[in-house]
$ cat query_32.pdb   # PDB, C-alpha atoms
MODEL        1
ATOM      1  CA  MET F   1      84.541 143.168 -27.114  1.00  0.00           C
ATOM      2  CA  TYR F   2      87.158 142.959 -24.349  1.00  0.00           C
ATOM      3  CA  ILE F   3      90.482 141.381 -25.321  1.00  0.00           C
ATOM      4  CA  ASN F   4      92.676 140.169 -22.475  1.00  0.00           C
ATOM      5  CA  SER F   5      96.463 140.188 -22.409  1.00  0.00           C
ATOM      6  CA  SER F   6      96.849 136.566 -23.516  1.00  0.00           C
ATOM      7  CA  GLU F   7      94.685 137.122 -26.597  1.00  0.00           C
ATOM      8  CA  THR F   8      96.657 140.265 -27.381  1.00  0.00           C
ATOM      9  CA  ALA F   9      99.868 138.249 -27.124  1.00  0.00           C
ATOM     10  CA  ILE F  10      98.580 135.622 -29.548  1.00  0.00           C
ATOM     11  CA  ILE F  11      97.523 138.301 -32.023  1.00  0.00           C
ATOM     12  CA  ALA F  12     100.942 139.943 -31.724  1.00  0.00           C
ATOM     13  CA  LEU F  13     102.628 136.587 -32.319  1.00  0.00           C
ATOM     14  CA  LEU F  14     100.605 135.974 -35.479  1.00  0.00           C
ATOM     15  CA  GLU F  15     101.429 139.455 -36.741  1.00  0.00           C
ATOM     16  CA  LYS F  16     105.145 138.852 -36.176  1.00  0.00           C
ATOM     17  CA  ILE F  17     105.020 135.553 -38.029  1.00  0.00           C
ATOM     18  CA  LYS F  18     103.203 137.171 -40.946  1.00  0.00           C
ATOM     19  CA  SER F  19     105.782 139.957 -41.082  1.00  0.00           C
ATOM     20  CA  LEU F  20     108.626 137.484 -41.603  1.00  0.00           C
ATOM     21  CA  GLU F  21     109.553 137.240 -45.275  1.00  0.00           C
ATOM     22  CA  GLU F  22     110.671 133.621 -45.030  1.00  0.00           C
ATOM     23  CA  PRO F  23     109.534 132.290 -41.681  1.00  0.00           C
ATOM     24  CA  ASP F  24     111.506 129.314 -40.471  1.00  0.00           C
ATOM     25  CA  SER F  25     110.852 127.099 -37.462  1.00  0.00           C
ATOM     26  CA  ALA F  26     113.646 128.665 -35.403  1.00  0.00           C
ATOM     27  CA  GLY F  27     112.345 132.166 -35.994  1.00  0.00           C
ATOM     28  CA  ILE F  28     108.791 131.156 -35.191  1.00  0.00           C
ATOM     29  CA  PHE F  29     109.788 129.466 -31.930  1.00  0.00           C
ATOM     30  CA  TYR F  30     111.992 132.388 -30.910  1.00  0.00           C
ATOM     31  CA  ASN F  31     109.266 134.939 -31.536  1.00  0.00           C
ATOM     32  CA  ALA F  32     106.727 132.745 -29.782  1.00  0.00           C
ATOM     33  CA  PHE F  33     108.999 132.479 -26.754  1.00  0.00           C
ATOM     34  CA  ILE F  34     109.522 136.254 -26.587  1.00  0.00           C
ATOM     35  CA  VAL F  35     105.813 136.987 -26.950  1.00  0.00           C
ATOM     36  CA  ILE F  36     104.893 134.438 -24.277  1.00  0.00           C
ATOM     37  CA  LEU F  37     107.421 135.970 -21.890  1.00  0.00           C
ATOM     38  CA  ASP F  38     106.022 139.436 -22.531  1.00  0.00           C
ATOM     39  CA  ALA F  39     102.464 138.241 -22.015  1.00  0.00           C
ATOM     40  CA  PHE F  40     102.780 136.000 -18.973  1.00  0.00           C
ATOM     41  CA  VAL F  41     105.909 137.097 -17.092  1.00  0.00           C
ATOM     42  CA  GLN F  42     105.687 140.315 -15.119  1.00  0.00           C
ATOM     43  CA  PRO F  43     108.710 142.617 -14.665  1.00  0.00           C
ATOM     44  CA  PHE F  44     111.070 141.490 -11.919  1.00  0.00           C
ATOM     45  CA  SER F  45     110.836 143.739  -8.866  1.00  0.00           C
ATOM     46  CA  ILE F  46     112.432 144.195  -5.460  1.00  0.00           C
ATOM     47  CA  THR F  47     109.291 142.770  -3.868  1.00  0.00           C
ATOM     48  CA  ILE F  48     109.673 139.542  -5.818  1.00  0.00           C
ATOM     49  CA  LEU F  49     113.388 139.377  -4.988  1.00  0.00           C
ATOM     50  CA  VAL F  50     112.801 139.806  -1.253  1.00  0.00           C
ATOM     51  CA  SER F  51     109.962 137.285  -1.372  1.00  0.00           C
ATOM     52  CA  LEU F  52     112.194 134.739  -3.118  1.00  0.00           C
ATOM     53  CA  VAL F  53     114.912 135.178  -0.492  1.00  0.00           C
ATOM     54  CA  VAL F  54     112.385 134.702   2.316  1.00  0.00           C
ATOM     55  CA  LEU F  55     110.980 131.669   0.489  1.00  0.00           C
ATOM     56  CA  LEU F  56     114.426 130.063   0.291  1.00  0.00           C
ATOM     57  CA  VAL F  57     114.951 130.689   4.007  1.00  0.00           C
ATOM     58  CA  LEU F  58     111.577 129.102   4.805  1.00  0.00           C
ATOM     59  CA  LEU F  59     112.355 126.090   2.603  1.00  0.00           C
ATOM     60  CA  PHE F  60     115.683 125.645   4.375  1.00  0.00           C
ATOM     61  CA  PHE F  61     114.026 125.892   7.789  1.00  0.00           C
ATOM     62  CA  SER F  62     111.318 123.438   6.728  1.00  0.00           C
ATOM     63  CA  ALA F  63     114.005 121.016   5.574  1.00  0.00           C
ATOM     64  CA  MET F  64     115.889 121.273   8.860  1.00  0.00           C
ATOM     65  CA  VAL F  65     112.773 120.826  10.996  1.00  0.00           C
ATOM     66  CA  SER F  66     111.510 117.893   8.921  1.00  0.00           C
ATOM     67  CA  GLY F  67     114.897 116.223   8.963  1.00  0.00           C
ATOM     68  CA  SER F  68     115.181 116.623  12.720  1.00  0.00           C
ATOM     69  CA  GLU F  69     112.185 114.319  13.166  1.00  0.00           C
ATOM     70  CA  ILE F  70     114.082 111.493  11.486  1.00  0.00           C
ATOM     71  CA  GLY F  71     117.393 112.545  13.001  1.00  0.00           C
ATOM     72  CA  PHE F  72     116.259 112.474  16.631  1.00  0.00           C
ATOM     73  CA  PHE F  73     114.066 109.405  16.409  1.00  0.00           C
ATOM     74  CA  SER F  74     116.614 107.419  14.396  1.00  0.00           C
ATOM     75  CA  LEU F  75     119.171 107.539  17.189  1.00  0.00           C
ATOM     76  CA  GLY F  76     119.854 103.987  18.275  1.00  0.00           C
ATOM     77  CA  PRO F  77     121.297 102.641  21.531  1.00  0.00           C
ATOM     78  CA  GLN F  78     124.860 103.013  20.235  1.00  0.00           C
ATOM     79  CA  HIS F  79     124.296 106.655  19.341  1.00  0.00           C
ATOM     80  CA  LEU F  80     122.699 107.385  22.705  1.00  0.00           C
ATOM     81  CA  GLU F  81     125.525 105.677  24.565  1.00  0.00           C
ATOM     82  CA  LYS F  82     128.102 107.787  22.741  1.00  0.00           C
ATOM     83  CA  LEU F  83     126.119 110.926  23.527  1.00  0.00           C
ATOM     84  CA  LYS F  84     126.027 109.978  27.217  1.00  0.00           C
ATOM     85  CA  GLN F  85     129.788 109.566  27.258  1.00  0.00           C
ATOM     86  CA  SER F  86     130.322 112.773  25.317  1.00  0.00           C
ATOM     87  CA  THR F  87     131.121 116.045  27.053  1.00  0.00           C
ATOM     88  CA  SER F  88     129.482 118.058  24.273  1.00  0.00           C
ATOM     89  CA  GLY F  89     126.761 120.438  25.373  1.00  0.00           C
ATOM     90  CA  ARG F  90     124.691 119.686  22.295  1.00  0.00           C
ATOM     91  CA  GLY F  91     124.938 115.980  23.013  1.00  0.00           C
ATOM     92  CA  LYS F  92     123.565 116.525  26.518  1.00  0.00           C
ATOM     93  CA  LEU F  93     120.816 118.693  25.063  1.00  0.00           C
ATOM     94  CA  ILE F  94     119.809 115.925  22.646  1.00  0.00           C
ATOM     95  CA  LEU F  95     119.443 113.494  25.544  1.00  0.00           C
ATOM     96  CA  LYS F  96     117.413 116.071  27.464  1.00  0.00           C
ATOM     97  CA  LEU F  97     115.047 116.605  24.534  1.00  0.00           C
ATOM     98  CA  LEU F  98     114.599 112.860  24.066  1.00  0.00           C
ATOM     99  CA  GLU F  99     113.487 112.522  27.685  1.00  0.00           C
ATOM    100  CA  ARG F 100     110.135 113.922  26.525  1.00  0.00           C
ATOM    101  CA  PRO F 101     109.713 112.441  23.041  1.00  0.00           C
ATOM    102  CA  LYS F 102     106.040 113.364  22.668  1.00  0.00           C
ATOM    103  CA  ARG F 103     106.756 116.997  23.463  1.00  0.00           C
ATOM    104  CA  LEU F 104     109.629 116.965  20.985  1.00  0.00           C
ATOM    105  CA  LEU F 105     107.578 115.355  18.224  1.00  0.00           C
ATOM    106  CA  ALA F 106     104.622 117.684  18.802  1.00  0.00           C
ATOM    107  CA  THR F 107     106.906 120.718  18.570  1.00  0.00           C
ATOM    108  CA  ILE F 108     108.458 119.461  15.334  1.00  0.00           C
ATOM    109  CA  LEU F 109     105.039 118.863  13.764  1.00  0.00           C
ATOM    110  CA  ILE F 110     103.672 122.247  14.830  1.00  0.00           C
ATOM    111  CA  ALA F 111     106.724 124.167  13.624  1.00  0.00           C
ATOM    112  CA  ASN F 112     106.789 122.289  10.331  1.00  0.00           C
ATOM    113  CA  ASN F 113     103.107 122.971   9.680  1.00  0.00           C
ATOM    114  CA  PHE F 114     103.502 126.677  10.396  1.00  0.00           C
ATOM    115  CA  VAL F 115     106.482 126.928   8.050  1.00  0.00           C
ATOM    116  CA  ASN F 116     104.780 124.970   5.270  1.00  0.00           C
ATOM    117  CA  VAL F 117     101.686 127.172   5.458  1.00  0.00           C
ATOM    118  CA  ALA F 118     103.923 130.239   5.218  1.00  0.00           C
ATOM    119  CA  ILE F 119     105.683 128.705   2.197  1.00  0.00           C
ATOM    120  CA  VAL F 120     102.375 128.083   0.413  1.00  0.00           C
ATOM    121  CA  ILE F 121     101.109 131.616   1.084  1.00  0.00           C
ATOM    122  CA  LEU F 122     104.368 133.249   0.021  1.00  0.00           C
ATOM    123  CA  SER F 123     104.710 131.058  -3.071  1.00  0.00           C
ATOM    124  CA  THR F 124     101.185 131.945  -4.157  1.00  0.00           C
ATOM    125  CA  PHE F 125     102.002 135.626  -3.702  1.00  0.00           C
ATOM    126  CA  ILE F 126     105.197 135.306  -5.772  1.00  0.00           C
ATOM    127  CA  ALA F 127     103.382 133.438  -8.533  1.00  0.00           C
ATOM    128  CA  SER F 128     100.644 136.067  -8.693  1.00  0.00           C
ATOM    129  CA  GLN F 129     103.193 138.896  -8.791  1.00  0.00           C
ATOM    130  CA  TRP F 130     105.584 137.305 -11.279  1.00  0.00           C
ATOM    131  CA  PHE F 131     103.237 135.508 -13.667  1.00  0.00           C
ATOM    132  CA  ASN F 132     100.050 136.716 -15.317  1.00  0.00           C
ATOM    133  CA  LEU F 133      97.962 133.557 -15.383  1.00  0.00           C
ATOM    134  CA  SER F 134      94.537 135.055 -14.726  1.00  0.00           C
ATOM    135  CA  SER F 135      93.316 133.915 -18.149  1.00  0.00           C
ATOM    136  CA  PHE F 136      94.480 130.342 -17.546  1.00  0.00           C
ATOM    137  CA  PRO F 137      93.080 129.123 -14.202  1.00  0.00           C
ATOM    138  CA  VAL F 138      94.192 125.525 -14.788  1.00  0.00           C
ATOM    139  CA  LEU F 139      97.779 126.590 -15.419  1.00  0.00           C
ATOM    140  CA  ALA F 140      97.611 128.900 -12.402  1.00  0.00           C
ATOM    141  CA  PHE F 141      96.430 125.963 -10.288  1.00  0.00           C
ATOM    142  CA  ILE F 142      99.308 123.808 -11.546  1.00  0.00           C
ATOM    143  CA  VAL F 143     101.891 126.488 -10.755  1.00  0.00           C
ATOM    144  CA  GLN F 144     100.475 127.547  -7.400  1.00  0.00           C
ATOM    145  CA  VAL F 145      99.518 124.133  -6.037  1.00  0.00           C
ATOM    146  CA  VAL F 146     101.206 121.261  -7.851  1.00  0.00           C
ATOM    147  CA  VAL F 147     104.626 122.862  -8.337  1.00  0.00           C
ATOM    148  CA  ILE F 148     104.707 124.355  -4.840  1.00  0.00           C
ATOM    149  CA  THR F 149     103.634 121.065  -3.252  1.00  0.00           C
ATOM    150  CA  ALA F 150     106.317 119.219  -5.214  1.00  0.00           C
ATOM    151  CA  LEU F 151     108.952 121.693  -4.012  1.00  0.00           C
ATOM    152  CA  ILE F 152     107.877 121.305  -0.392  1.00  0.00           C
ATOM    153  CA  LEU F 153     107.901 117.516  -0.632  1.00  0.00           C
ATOM    154  CA  LEU F 154     111.250 117.310  -2.406  1.00  0.00           C
ATOM    155  CA  LEU F 155     113.246 120.070  -0.716  1.00  0.00           C
ATOM    156  CA  GLY F 156     111.415 120.236   2.594  1.00  0.00           C
ATOM    157  CA  GLU F 157     110.648 116.581   3.266  1.00  0.00           C
ATOM    158  CA  ILE F 158     112.283 113.875   1.149  1.00  0.00           C
ATOM    159  CA  LEU F 159     115.869 115.114   0.756  1.00  0.00           C
ATOM    160  CA  PRO F 160     116.420 116.298   4.364  1.00  0.00           C
ATOM    161  CA  LYS F 161     114.897 113.126   5.794  1.00  0.00           C
ATOM    162  CA  MET F 162     117.136 110.998   3.594  1.00  0.00           C
ATOM    163  CA  TYR F 163     120.174 112.942   4.805  1.00  0.00           C
ATOM    164  CA  ALA F 164     119.057 112.786   8.445  1.00  0.00           C
ATOM    165  CA  SER F 165     118.555 109.028   8.251  1.00  0.00           C
ATOM    166  CA  VAL F 166     122.177 108.624   7.137  1.00  0.00           C
ATOM    167  CA  TYR F 167     123.658 111.144   9.603  1.00  0.00           C
ATOM    168  CA  PRO F 168     121.231 111.235  12.558  1.00  0.00           C
ATOM    169  CA  VAL F 169     123.736 112.413  15.176  1.00  0.00           C
ATOM    170  CA  ARG F 170     125.099 115.220  13.016  1.00  0.00           C
ATOM    171  CA  PHE F 171     121.615 116.396  12.106  1.00  0.00           C
ATOM    172  CA  SER F 172     120.353 116.186  15.679  1.00  0.00           C
ATOM    173  CA  LYS F 173     123.284 118.208  16.984  1.00  0.00           C
ATOM    174  CA  SER F 174     122.694 120.915  14.395  1.00  0.00           C
ATOM    175  CA  MET F 175     119.024 121.246  15.400  1.00  0.00           C
ATOM    176  CA  ALA F 176     119.147 120.632  19.154  1.00  0.00           C
ATOM    177  CA  GLY F 177     119.457 124.303  20.092  1.00  0.00           C
ATOM    178  CA  VAL F 178     116.777 125.420  17.643  1.00  0.00           C
ATOM    179  CA  LEU F 179     114.330 122.774  18.823  1.00  0.00           C
ATOM    180  CA  ASN F 180     114.989 123.688  22.437  1.00  0.00           C
ATOM    181  CA  VAL F 181     113.889 127.250  21.626  1.00  0.00           C
ATOM    182  CA  LEU F 182     110.898 126.029  19.606  1.00  0.00           C
ATOM    183  CA  ILE F 183     109.748 123.804  22.474  1.00  0.00           C
ATOM    184  CA  LYS F 184     109.545 126.854  24.722  1.00  0.00           C
ATOM    185  CA  MET F 185     107.916 128.939  21.991  1.00  0.00           C
ATOM    186  CA  PHE F 186     105.204 126.417  21.115  1.00  0.00           C
ATOM    187  CA  TYR F 187     104.754 125.025  24.625  1.00  0.00           C
ATOM    188  CA  PRO F 188     101.013 125.880  24.905  1.00  0.00           C
ATOM    189  CA  LEU F 189     100.170 124.365  21.513  1.00  0.00           C
ATOM    190  CA  SER F 190     102.344 121.313  22.012  1.00  0.00           C
ATOM    191  CA  SER F 191     100.757 120.751  25.430  1.00  0.00           C
ATOM    192  CA  ILE F 192      97.333 120.497  23.803  1.00  0.00           C
ATOM    193  CA  LEU F 193      98.664 118.080  21.206  1.00  0.00           C
ATOM    194  CA  VAL F 194     100.498 115.970  23.787  1.00  0.00           C
ATOM    195  CA  ARG F 195      97.424 115.740  26.008  1.00  0.00           C
ATOM    196  CA  SER F 196      95.199 114.760  23.105  1.00  0.00           C
ATOM    197  CA  THR F 197      97.610 112.057  21.971  1.00  0.00           C
ATOM    198  CA  SER F 198      97.942 110.807  25.539  1.00  0.00           C
ATOM    199  CA  PHE F 199      94.163 110.592  25.737  1.00  0.00           C
ATOM    200  CA  LEU F 200      94.061 108.622  22.502  1.00  0.00           C
ATOM    201  CA  ASP F 201      96.885 106.362  23.670  1.00  0.00           C
ATOM    202  CA  ASN F 202      94.995 105.650  26.900  1.00  0.00           C
ATOM    203  CA  ARG F 203      91.840 104.844  24.962  1.00  0.00           C
ATOM    204  CA  VAL F 204      93.719 102.489  22.669  1.00  0.00           C
ATOM    205  CA  ALA F 205      95.412 100.815  25.629  1.00  0.00           C
ATOM    206  CA  ARG F 206      92.071 100.473  27.448  1.00  0.00           C
ATOM    207  CA  LYS F 207      90.425  98.938  24.393  1.00  0.00           C
ATOM    208  CA  SER F 208      93.300  96.514  23.991  1.00  0.00           C
ATOM    209  CA  HIS F 209      92.973  95.538  27.651  1.00  0.00           C
ATOM    210  CA  VAL F 210      89.220  94.943  27.331  1.00  0.00           C
ATOM    211  CA  LEU F 211      89.769  92.914  24.175  1.00  0.00           C
ATOM    212  CA  SER F 212      92.377  90.767  25.878  1.00  0.00           C
ATOM    213  CA  ARG F 213      90.060  90.058  28.813  1.00  0.00           C
ATOM    214  CA  SER F 214      87.183  89.158  26.493  1.00  0.00           C
ATOM    215  CA  GLU F 215      89.426  86.850  24.505  1.00  0.00           C
ATOM    216  CA  LEU F 216      90.589  85.167  27.699  1.00  0.00           C
ATOM    217  CA  SER F 217      87.029  84.711  28.941  1.00  0.00           C
ATOM    218  CA  ASP F 218      86.094  83.065  25.639  1.00  0.00           C
TER     219      ASP F 218
ENDMDL
END
$ encode --input "query_32.pdb" --output "C-alpha cells"
Amino acid sequence: MYINSSETAIIALLEKIKSLEEPDSAGIFYNAFIVILDAFVQPFSITILVSLVVLLVLLFFSAMVSGSEIGFFSLGPQHLEKLKQSTSGRGKLILKLLERPKRLLATILIANNFVNVAIVILSTFIASQWFNLSSFPVLAFIVQVVVITALILLLGEILPKMYASVYPVRFSKSMAGVLNVLIKMFYPLSSILVRSTSFLDNRVARKSHVLSRSELSD
C-alpha cells in the first residue's frame, strides 16, 4: 500500500510522542509543529526567493495602478485649477491624460488585469514550490485562491485606493509618467475597449431618447 508524505509525517509524529518518557503538552505541540514543517514545507530555494521578489514588485505595481484610478478621477475642480496654474511638467501631463478619460480608464483596467493575472500565476507557482499540499486539495485551494485573492484585494486594491482618495494629486503625479507610457503600450487594446464602451454608451443614450419620446407621446 502506498503511503504519501503526509501519512508518513503523522506516523513519525506518533512515534516521537510515544518515545517521550513523560510527554507534556508543550513537547507534543513542539514536535507536531516540527513534523508538520518537515512534511508540508519544502526547502527554501533561490527560485522561491526570486519569485517572491517579483511577486512583491507586481503587488506594488498593482497597488499603484489601482490607486491611480481613484487618484485621477477624484481630482475636483480645485485640484484641476491648481494644476492648470502650476508649472510642473507632471501637472501638465495629468491634465493631458484627463483630456481622454475613457482612454485613461481603459488603460488602467487593462494594465491592472494583466498584473493581477501575473500575480495569481506566480503565487500559485510559489505555493506549489514551497508547500507540499498535494494530499490536501481543499487546503491547497484555500492557500492558492482564497489567500492570494485576499492579498490582491487588500494590498493591490483597498489600501492604495484609500490612500489615493486622501491624496489624489500626489498619487496622480507619481503615476502620470507611468500611465503615459502604458497608454502608448496598450493603445490597440484600449482602443477596442473604448470603442465598445462608446457603442454601449450610444445604445444607452438612444434607448433613453426613445423612452423619453414615448413618455412624452403618452
$ resolve_selection --input "query_32.pdb" --expression "the PyMOL selection byres ((chain F and resi 144-149) around 12)" --output "PyMOL selection string"
chain F and resi 55+59+116-131+133+137-143+150-157
$ closest_atom_pairs --input "query_32.pdb" --of "segment 51-123 of chain F" --to "segment 176-189 of chain F" --cutoff "12 Å" --atoms "all atoms listed in the file" --output "tab-separated table"
residue	atom	partner	partner_atom	distance
F:Phe61	CA	F:Val178	CA	10.2
F:Met64	CA	F:Val178	CA	9.8
F:Val65	CA	F:Leu179	CA	8.2
F:Ser66	CA	F:Leu179	CA	11.4
F:Gly67	CA	F:Leu179	CA	11.9
F:Ser68	CA	F:Ala176	CA	8.6
F:Glu69	CA	F:Leu179	CA	10.4
F:Gly71	CA	F:Ala176	CA	10.3
F:Phe72	CA	F:Ala176	CA	9.0
F:Ser88	CA	F:Ala176	CA	11.8
F:Gly89	CA	F:Gly177	CA	9.8
F:Arg90	CA	F:Ala176	CA	6.4
F:Gly91	CA	F:Ala176	CA	8.4
F:Lys92	CA	F:Ala176	CA	9.5
F:Leu93	CA	F:Ala176	CA	6.4
F:Ile94	CA	F:Ala176	CA	5.9
F:Leu95	CA	F:Ala176	CA	9.6
F:Lys96	CA	F:Asn180	CA	9.4
F:Leu97	CA	F:Asn180	CA	7.4
F:Leu98	CA	F:Ala176	CA	10.3
F:Arg100	CA	F:Ile183	CA	10.7
F:Pro101	CA	F:Ile183	CA	11.4
F:Lys102	CA	F:Ile183	CA	11.1
F:Arg103	CA	F:Ile183	CA	7.5
F:Leu104	CA	F:Ile183	CA	7.0
F:Leu105	CA	F:Ile183	CA	9.7
F:Ala106	CA	F:Leu189	CA	8.5
F:Thr107	CA	F:Ile183	CA	5.7
F:Ile108	CA	F:Leu179	CA	7.6
F:Leu109	CA	F:Phe186	CA	10.5
F:Ile110	CA	F:Phe186	CA	7.7
F:Ala111	CA	F:Leu182	CA	7.5
F:Asn112	CA	F:Leu182	CA	10.8
F:Phe114	CA	F:Phe186	CA	10.9
$ atom_distance --input "query_32.pdb" --atom1 "atom CA of Val115 of chain F" --atom2 "atom CA of Leu58 of chain F"
6.4 Å
$ atom_distance --input "query_32.pdb" --atom1 "atom CA of Ser174 of chain F" --atom2 "atom CA of Val53 of chain F"
22.0 Å
$ atom_distance --input "query_32.pdb" --atom1 "atom CA of Leu193 of chain F" --atom2 "atom CA of Phe60 of chain F"
25.1 Å
